[in-house]
Amino acid sequence: MKLVVQVKLLPTPEQASVLEATLHACNRAADHVSRTAFEQGLYGRNELQKLVYTDIKATFGLSAQPAVRAIKKTVDAYATLQANLTAGNLGKPGSKRRLKATGTPIAFRPGAAQPFDDRCLSWQHDARTVSIWTVEGRLKNLRYTGHVDQLKTLVQYRRGESDLICRGGRWYLMATCEVPDPEVYEPVDFVGVDRGIVNLATTSDGTNYQGRRLSRYRRWQARKRTELQKKQTRSATRRLARRTQKEQRHATHVNHRISKEIVSVAQRTGRGIAVEELGGIRERVRLRRDQRATLSSWPFHQLGEHLRYKARQAGVPFMEVDPRHTSQRCPRCGHTEKANRSTREHFCCRRCGLAGPADHVAGVNVRNRARSAWVLVTAPASSP
């Protein structure tokens with residue numbers, strides 16, 4: 001599996017200015033390539049490279065390999081845009097959002113990330129330094145640091161490109177590592193996980209990860225953003241961006257902590273993990289205006305992806321099951337009725353009287369469906 005290891009660079013002021021000039025030059029070149037691709041209608045790598053390679057080397061002072069990386073970055077950006085258009089992520093044909101995305105060439109920020117391969121970037125792990133290409137020549141002995149476990153993974157499994165990023169005045173390298181997958185064991189059972197807004201996750205064991213604290217934090221951040229938006233100054237805009245990033249990092253940290261605990265429990269007990277398949281949930285429901293921000297900021301997909309990759313990293317079986325009626329079906333008698341869930345918190349079966357927390361019941365139903373699905377997946381193929 002592929003993992004991304006983040007290391008923090010420790011440049012001197014002079015080195016930082018050289019890195020900044022390099023990013024700006026690479027992104028100006030990518031902007032030029034993007035405009036050319038948009039005007040000519042050429043989005044293939046080979047055609048674009050023949051058309052702009054010599055020009056961007058001479059105009060922006062790039063050497064051969066950074067010029068190729070700038071072209072590849074532009075091609076990848078248009079490929080991502082086309083994939084989003086095909087998936088319908090940018091609205092329906094004719095919508096303002098779709099027209100805005102397709103009516104102008106893709107633009108790159110001056111400080112956008114730039115990929116470097118092994119010809120432009122080399123690592124000296126013992127000295128904790130890197131040597132990186134810049135517009136002013138090779139920059140050597142650039143120190144870096146990071147978490148001990150991350151650095152160990154970097155030494156053993158780094159493969160392919162690394163991205164140079166400037167975030168909040170700090171410099172980072174994002175290195176791609178290919179870690180071998182451990183063998184997935186045969187589970188003795190499953191841990192069903194029900195995801196929600198009030199309770200971020202509830203397992204079939206009855207463990208509940210409440211979302212009240214995160215919701216309260218989001219509401220507080222929303223009030224602060226409203227205050228900053230009313231000021232309409234440059235300083236307020238910068239502070240607004242920093243506050244938004246801080247909120248996203250906080251939600252990501254919460255999801256990391258929850259998924260790590262669930263995967264640890266499953267691995268220790270020899271069980272697998274099962275979640276509901278919640279794709280397309282925003283298109284399936286219509287909400288009141290005051291509910292839209294809550295659903296849009298609900299990080300259920302991120303929590304599912306964290307569970308998936310952490311389970312894969314630990315060799316824990318992971319499954320997605322049908323989400324229909326998991327909170328309305330009785331796990332004891334199978335009776336399914338909307339009235340079984342009289343309120344958001346409580347479940348009471350109208351047939352057999354089984355009662356309990358609704359999210360816990362949903363987690364049990366997810367676990368039961370995973371048991372049945374695993375039997376079908378692992379059953380031997382019938383002989384003709």
# chains A, B, ... in the order shown; residues from 1 in each chain; ligands from 1

call {"tool": "select_by_dssp", "arguments": {"residues": "region 132-378 of chain A", "states": "alpha helix (DSSP H)", "output": "ChimeraX atom specification"}}
result
/A:148-157,212-231,234-269,281-284,289-296,300-314,358-378

call {"tool": "select_by_dssp", "arguments": {"residues": "region 124-225 of chain A", "states": "strand (DSSP E)", "output": "MDAnalysis selection string"}}
result
chainID A and resid 124 129:134 137:145 158:167 170:178 190:195 199:203 208:210

call {"tool": "write_last_selection", "arguments": {"atoms": "C-alpha atoms", "output": "PDB file, in the first residue's frame"}}
result
ATOM      1  CA  GLN A 124      20.958  11.644   2.903  1.00  0.00           C
ATOM      2  CA  THR A 129      19.608  16.319   4.895  1.00  0.00           C
ATOM      3  CA  VAL A 130      18.367  16.534   1.307  1.00  0.00           C
ATOM      4  CA  SER A 131      19.866  17.873  -1.892  1.00  0.00           C
ATOM      5  CA  ILE A 132      17.259  19.518  -4.113  1.00  0.00           C
ATOM      6  CA  TRP A 133      17.266  21.273  -7.506  1.00  0.00           C
ATOM      7  CA  THR A 134      16.414  25.002  -7.472  1.00  0.00           C
ATOM      8  CA  GLY A 137      21.395  25.520  -8.777  1.00  0.00           C
ATOM      9  CA  ARG A 138      21.587  22.501  -6.532  1.00  0.00           C
ATOM     10  CA  LEU A 139      20.733  23.288  -2.905  1.00  0.00           C
ATOM     11  CA  LYS A 140      22.684  20.896  -0.683  1.00  0.00           C
ATOM     12  CA  ASN A 141      22.688  20.116   3.048  1.00  0.00           C
ATOM     13  CA  LEU A 142      19.070  21.197   3.549  1.00  0.00           C
ATOM     14  CA  ARG A 143      18.162  19.754   6.954  1.00  0.00           C
ATOM     15  CA  TYR A 144      14.885  18.022   7.739  1.00  0.00           C
ATOM     16  CA  THR A 145      13.174  16.454  10.753  1.00  0.00           C
ATOM     17  CA  ARG A 158      10.371   5.484  -0.040  1.00  0.00           C
ATOM     18  CA  ARG A 159       9.590   5.168  -3.747  1.00  0.00           C
ATOM     19  CA  GLY A 160       8.807   7.641  -6.498  1.00  0.00           C
ATOM     20  CA  GLU A 161       8.190  11.376  -6.252  1.00  0.00           C
ATOM     21  CA  SER A 162       8.236  13.767  -3.313  1.00  0.00           C
ATOM     22  CA  ASP A 163       6.239  17.016  -3.243  1.00  0.00           C
ATOM     23  CA  LEU A 164       7.715  20.307  -2.011  1.00  0.00           C
ATOM     24  CA  ILE A 165       5.080  22.278  -0.080  1.00  0.00           C
ATOM     25  CA  CYS A 166       5.054  25.628   1.695  1.00  0.00           C
ATOM     26  CA  ARG A 167       2.299  25.900   4.294  1.00  0.00           C
ATOM     27  CA  ARG A 170       6.860  26.350   6.899  1.00  0.00           C
ATOM     28  CA  TRP A 171       8.431  23.999   4.372  1.00  0.00           C
ATOM     29  CA  TYR A 172       7.613  20.311   4.009  1.00  0.00           C
ATOM     30  CA  LEU A 173       8.402  17.361   1.781  1.00  0.00           C
ATOM     31  CA  MET A 174       5.668  14.802   1.174  1.00  0.00           C
ATOM     32  CA  ALA A 175       7.382  11.540   0.268  1.00  0.00           C
ATOM     33  CA  THR A 176       5.558   8.566  -1.242  1.00  0.00           C
ATOM     34  CA  CYS A 177       6.305   5.224   0.424  1.00  0.00           C
ATOM     35  CA  GLU A 178       5.237   1.787  -0.782  1.00  0.00           C
ATOM     36  CA  PHE A 190     -16.713  -8.456  12.961  1.00  0.00           C
ATOM     37  CA  VAL A 191     -16.935  -5.094  14.687  1.00  0.00           C
ATOM     38  CA  GLY A 192     -19.860  -3.206  13.171  1.00  0.00           C
ATOM     39  CA  VAL A 193     -19.409   0.575  13.011  1.00  0.00           C
ATOM     40  CA  ASP A 194     -22.345   2.947  12.600  1.00  0.00           C
ATOM     41  CA  ARG A 195     -21.365   6.496  11.603  1.00  0.00           C
ATOM     42  CA  ASN A 199     -22.427  10.226  17.509  1.00  0.00           C
ATOM     43  CA  LEU A 200     -19.495  10.151  15.115  1.00  0.00           C
ATOM     44  CA  ALA A 201     -19.126   6.383  15.467  1.00  0.00           C
ATOM     45  CA  THR A 202     -20.840   3.667  17.499  1.00  0.00           C
ATOM     46  CA  THR A 203     -19.552   0.089  17.456  1.00  0.00           C
ATOM     47  CA  ASN A 208     -19.766   5.349  21.527  1.00  0.00           C
ATOM     48  CA  TYR A 209     -17.665   8.198  20.116  1.00  0.00           C
ATOM     49  CA  GLN A 210     -19.811  11.271  20.618  1.00  0.00           C
TER      50      GLN A 210
END

call {"tool": "residues_around", "arguments": {"residues": "His256 (chain A)", "least_positions_apart": "3", "cutoff": "9 Å", "atoms": "only C-alpha atoms", "output": "list in words"}}
result
Ala251, Thr252, His253, Ser259, Lys260, Glu261, Leu303, His306 and Leu307 of chain A

call {"tool": "closest_residue", "arguments": {"among": "A:Arg242, A:Val316, A:Ala339, A:Ser204", "to": "Arg367 (chain A)", "atoms": "only C-alpha atoms"}}
result
A:Ser204

call {"tool": "atom_distance", "arguments": {"atom1": "CA of Met319 (chain A)", "atom2": "CA of Gln267 (chain A)"}}
result
14.5 Å

call {"tool": "residues_around", "arguments": {"residues": "Arg312 (chain A)", "least_positions_apart": "2", "cutoff": "10 Å", "atoms": "only C-alpha atoms", "output": "PyMOL selection string"}}
result
chain A and resi 1+181-184+263+306-310+314-318

call {"tool": "write_last_selection", "arguments": {"atoms": "C-alpha atoms", "output": "compact mmCIF listing (two decimals), in the first residue's frame"}}
result
# COMPACT_ATOMS: atom_id res chain seq x y z
CA MET A 1 0.00 0.00 0.00
CA ASP A 181 0.65 -5.23 2.76
CA PRO A 182 0.51 -7.63 5.70
CA GLU A 183 -1.48 -10.81 5.20
CA VAL A 184 -5.15 -10.38 6.10
CA VAL A 263 -8.68 -0.88 14.42
CA HIS A 306 -9.07 6.24 7.81
CA LEU A 307 -10.62 2.97 8.97
CA ARG A 308 -9.94 1.39 5.59
CA TYR A 309 -6.25 2.26 5.32
CA LYS A 310 -5.45 1.63 8.99
CA ALA A 314 -2.69 -3.79 10.25
CA GLY A 315 -3.92 -6.76 8.19
CA VAL A 316 -7.48 -6.42 9.58
CA PRO A 317 -10.34 -7.51 7.25
CA PHE A 318 -12.49 -4.53 6.20

call {"tool": "closest_residue", "arguments": {"among": "A:Leu240, A:Ala373, A:Leu23, A:Val148", "to": "Gly111 (chain A)", "atoms": "only C-alpha atoms"}}
result
A:Leu23

call {"tool": "atom_distance", "arguments": {"atom1": "CA of Asp118 (chain A)", "atom2": "CA of Tyr78 (chain A)"}}
result
24.6 Å

call {"tool": "closest_residue", "arguments": {"among": "A:Pro105, A:Pro66, A:Gly146, A:Pro13", "to": "Gly169 (chain A)", "atoms": "only C-alpha atoms"}}
result
A:Pro13

call {"tool": "closest_atom_pairs", "arguments": {"of": "region 95-205 of chain A", "to": "region 31-49 of chain A", "cutoff": "8 Å", "atoms": "only C-alpha atoms", "output": "Markdown table"}}
result
| residue | atom | partner | partner_atom | distance |
| --- | --- | --- | --- | --- |
| A:Thr104 | CA | A:Phe38 | CA | 7.7 |
| A:Pro105 | CA | A:Phe38 | CA | 5.6 |
| A:Ile106 | CA | A:Ser34 | CA | 6.1 |
| A:Ala107 | CA | A:Asp31 | CA | 5.7 |
| A:Phe108 | CA | A:Asp31 | CA | 5.9 |

call {"tool": "closest_residue", "arguments": {"among": "A:Val321, A:Cys26, A:Ile273, A:Leu90", "to": "Pro115 (chain A)", "atoms": "only C-alpha atoms"}}
result
A:Cys26

call {"tool": "atom_distance", "arguments": {"atom1": "CA of Leu354 (chain A)", "atom2": "CA of Thr326 (chain A)"}}
result
14.7 Å

call {"tool": "closest_residue", "arguments": {"among": "A:Gly94, A:Pro331, A:Pro299, A:Gly196", "to": "Arg249 (chain A)", "atoms": "only C-alpha atoms"}}
result
A:Pro299

call {"tool": "decode", "arguments": {"residues": "region 63-85 of chain A", "atoms": "N, CA, C and O atoms", "output": "JSON list (two decimals), in the first residue's frame"}}
result
[["chain", "number", "residue", "atom", "x", "y", "z"],
["A", 63, "SER", "N", 15.34, 23.47, -15.60],
["A", 63, "SER", "CA", 16.13, 22.44, -16.25],
["A", 63, "SER", "C", 15.19, 21.36, -16.79],
["A", 63, "SER", "O", 13.96, 21.47, -16.67],
["A", 64, "ALA", "N", 15.76, 20.33, -17.37],
["A", 64, "ALA", "CA", 14.95, 19.37, -18.12],
["A", 64, "ALA", "C", 13.89, 18.68, -17.27],
["A", 64, "ALA", "O", 12.69, 18.70, -17.59],
["A", 65, "GLN", "N", 14.30, 18.09, -16.16],
["A", 65, "GLN", "CA", 13.37, 17.28, -15.38],
["A", 65, "GLN", "C", 12.29, 18.13, -14.69],
["A", 65, "GLN", "O", 11.12, 17.74, -14.71],
["A", 66, "PRO", "N", 12.61, 19.28, -14.07],
["A", 66, "PRO", "CA", 11.53, 20.12, -13.53],
["A", 66, "PRO", "C", 10.54, 20.58, -14.59],
["A", 66, "PRO", "O", 9.35, 20.73, -14.31],
["A", 67, "ALA", "N", 11.02, 20.82, -15.81],
["A", 67, "ALA", "CA", 10.10, 21.20, -16.89],
["A", 67, "ALA", "C", 9.13, 20.06, -17.20],
["A", 67, "ALA", "O", 7.93, 20.27, -17.39],
["A", 68, "VAL", "N", 9.66, 18.84, -17.23],
["A", 68, "VAL", "CA", 8.79, 17.67, -17.47],
["A", 68, "VAL", "C", 7.79, 17.50, -16.33],
["A", 68, "VAL", "O", 6.61, 17.20, -16.55],
["A", 69, "ARG", "N", 8.23, 17.73, -15.08],
["A", 69, "ARG", "CA", 7.32, 17.61, -13.93],
["A", 69, "ARG", "C", 6.22, 18.66, -13.98],
["A", 69, "ARG", "O", 5.07, 18.39, -13.61],
["A", 70, "ALA", "N", 6.55, 19.89, -14.43],
["A", 70, "ALA", "CA", 5.53, 20.94, -14.53],
["A", 70, "ALA", "C", 4.47, 20.57, -15.58],
["A", 70, "ALA", "O", 3.27, 20.80, -15.38],
["A", 71, "ILE", "N", 4.91, 19.99, -16.68],
["A", 71, "ILE", "CA", 3.96, 19.55, -17.71],
["A", 71, "ILE", "C", 3.09, 18.42, -17.19],
["A", 71, "ILE", "O", 1.86, 18.41, -17.37],
["A", 72, "LYS", "N", 3.71, 17.46, -16.50],
["A", 72, "LYS", "CA", 2.96, 16.33, -15.96],
["A", 72, "LYS", "C", 1.95, 16.80, -14.91],
["A", 72, "LYS", "O", 0.82, 16.29, -14.84],
["A", 73, "LYS", "N", 2.33, 17.80, -14.09],
["A", 73, "LYS", "CA", 1.41, 18.33, -13.08],
["A", 73, "LYS", "C", 0.18, 18.94, -13.74],
["A", 73, "LYS", "O", -0.95, 18.77, -13.26],
["A", 74, "THR", "N", 0.38, 19.64, -14.85],
["A", 74, "THR", "CA", -0.74, 20.25, -15.56],
["A", 74, "THR", "C", -1.65, 19.18, -16.17],
["A", 74, "THR", "O", -2.88, 19.28, -16.09],
["A", 75, "VAL", "N", -1.05, 18.17, -16.78],
["A", 75, "VAL", "CA", -1.84, 17.08, -17.38],
["A", 75, "VAL", "C", -2.67, 16.38, -16.31],
["A", 75, "VAL", "O", -3.86, 16.07, -16.52],
["A", 76, "ASP", "N", -2.07, 16.13, -15.15],
["A", 76, "ASP", "CA", -2.80, 15.47, -14.06],
["A", 76, "ASP", "C", -3.95, 16.34, -13.56],
["A", 76, "ASP", "O", -5.02, 15.82, -13.20],
["A", 77, "ALA", "N", -3.76, 17.66, -13.53],
["A", 77, "ALA", "CA", -4.83, 18.56, -13.07],
["A", 77, "ALA", "C", -6.02, 18.49, -14.01],
["A", 77, "ALA", "O", -7.18, 18.45, -13.56],
["A", 78, "TYR", "N", -5.78, 18.47, -15.31],
["A", 78, "TYR", "CA", -6.89, 18.38, -16.27],
["A", 78, "TYR", "C", -7.53, 17.00, -16.24],
["A", 78, "TYR", "O", -8.74, 16.86, -16.43],
["A", 79, "ALA", "N", -6.75, 15.97, -15.98],
["A", 79, "ALA", "CA", -7.33, 14.63, -15.85],
["A", 79, "ALA", "C", -8.25, 14.55, -14.63],
["A", 79, "ALA", "O", -9.33, 13.95, -14.68],
["A", 80, "THR", "N", -7.84, 15.17, -13.53],
["A", 80, "THR", "CA", -8.69, 15.22, -12.33],
["A", 80, "THR", "C", -9.97, 16.00, -12.59],
["A", 80, "THR", "O", -11.06, 15.60, -12.15],
["A", 81, "LEU", "N", -9.85, 17.13, -13.31],
["A", 81, "LEU", "CA", -11.03, 17.91, -13.65],
["A", 81, "LEU", "C", -12.01, 17.09, -14.49],
["A", 81, "LEU", "O", -13.22, 17.10, -14.25],
["A", 82, "GLN", "N", -11.49, 16.36, -15.47],
["A", 82, "GLN", "CA", -12.36, 15.55, -16.32],
["A", 82, "GLN", "C", -13.02, 14.43, -15.52],
["A", 82, "GLN", "O", -14.20, 14.11, -15.73],
["A", 83, "ALA", "N", -12.28, 13.84, -14.57],
["A", 83, "ALA", "CA", -12.87, 12.79, -13.74],
["A", 83, "ALA", "C", -14.00, 13.35, -12.88],
["A", 83, "ALA", "O", -15.04, 12.69, -12.71],
["A", 84, "ASN", "N", -13.82, 14.56, -12.35],
["A", 84, "ASN", "CA", -14.89, 15.18, -11.56],
["A", 84, "ASN", "C", -16.10, 15.52, -12.41],
["A", 84, "ASN", "O", -17.24, 15.40, -11.95],
["A", 85, "LEU", "N", -15.86, 15.95, -13.64],
["A", 85, "LEU", "CA", -16.98, 16.23, -14.54],
["A", 85, "LEU", "C", -17.75, 14.95, -14.86],
["A", 85, "LEU", "O", -18.99, 14.94, -14.86]]
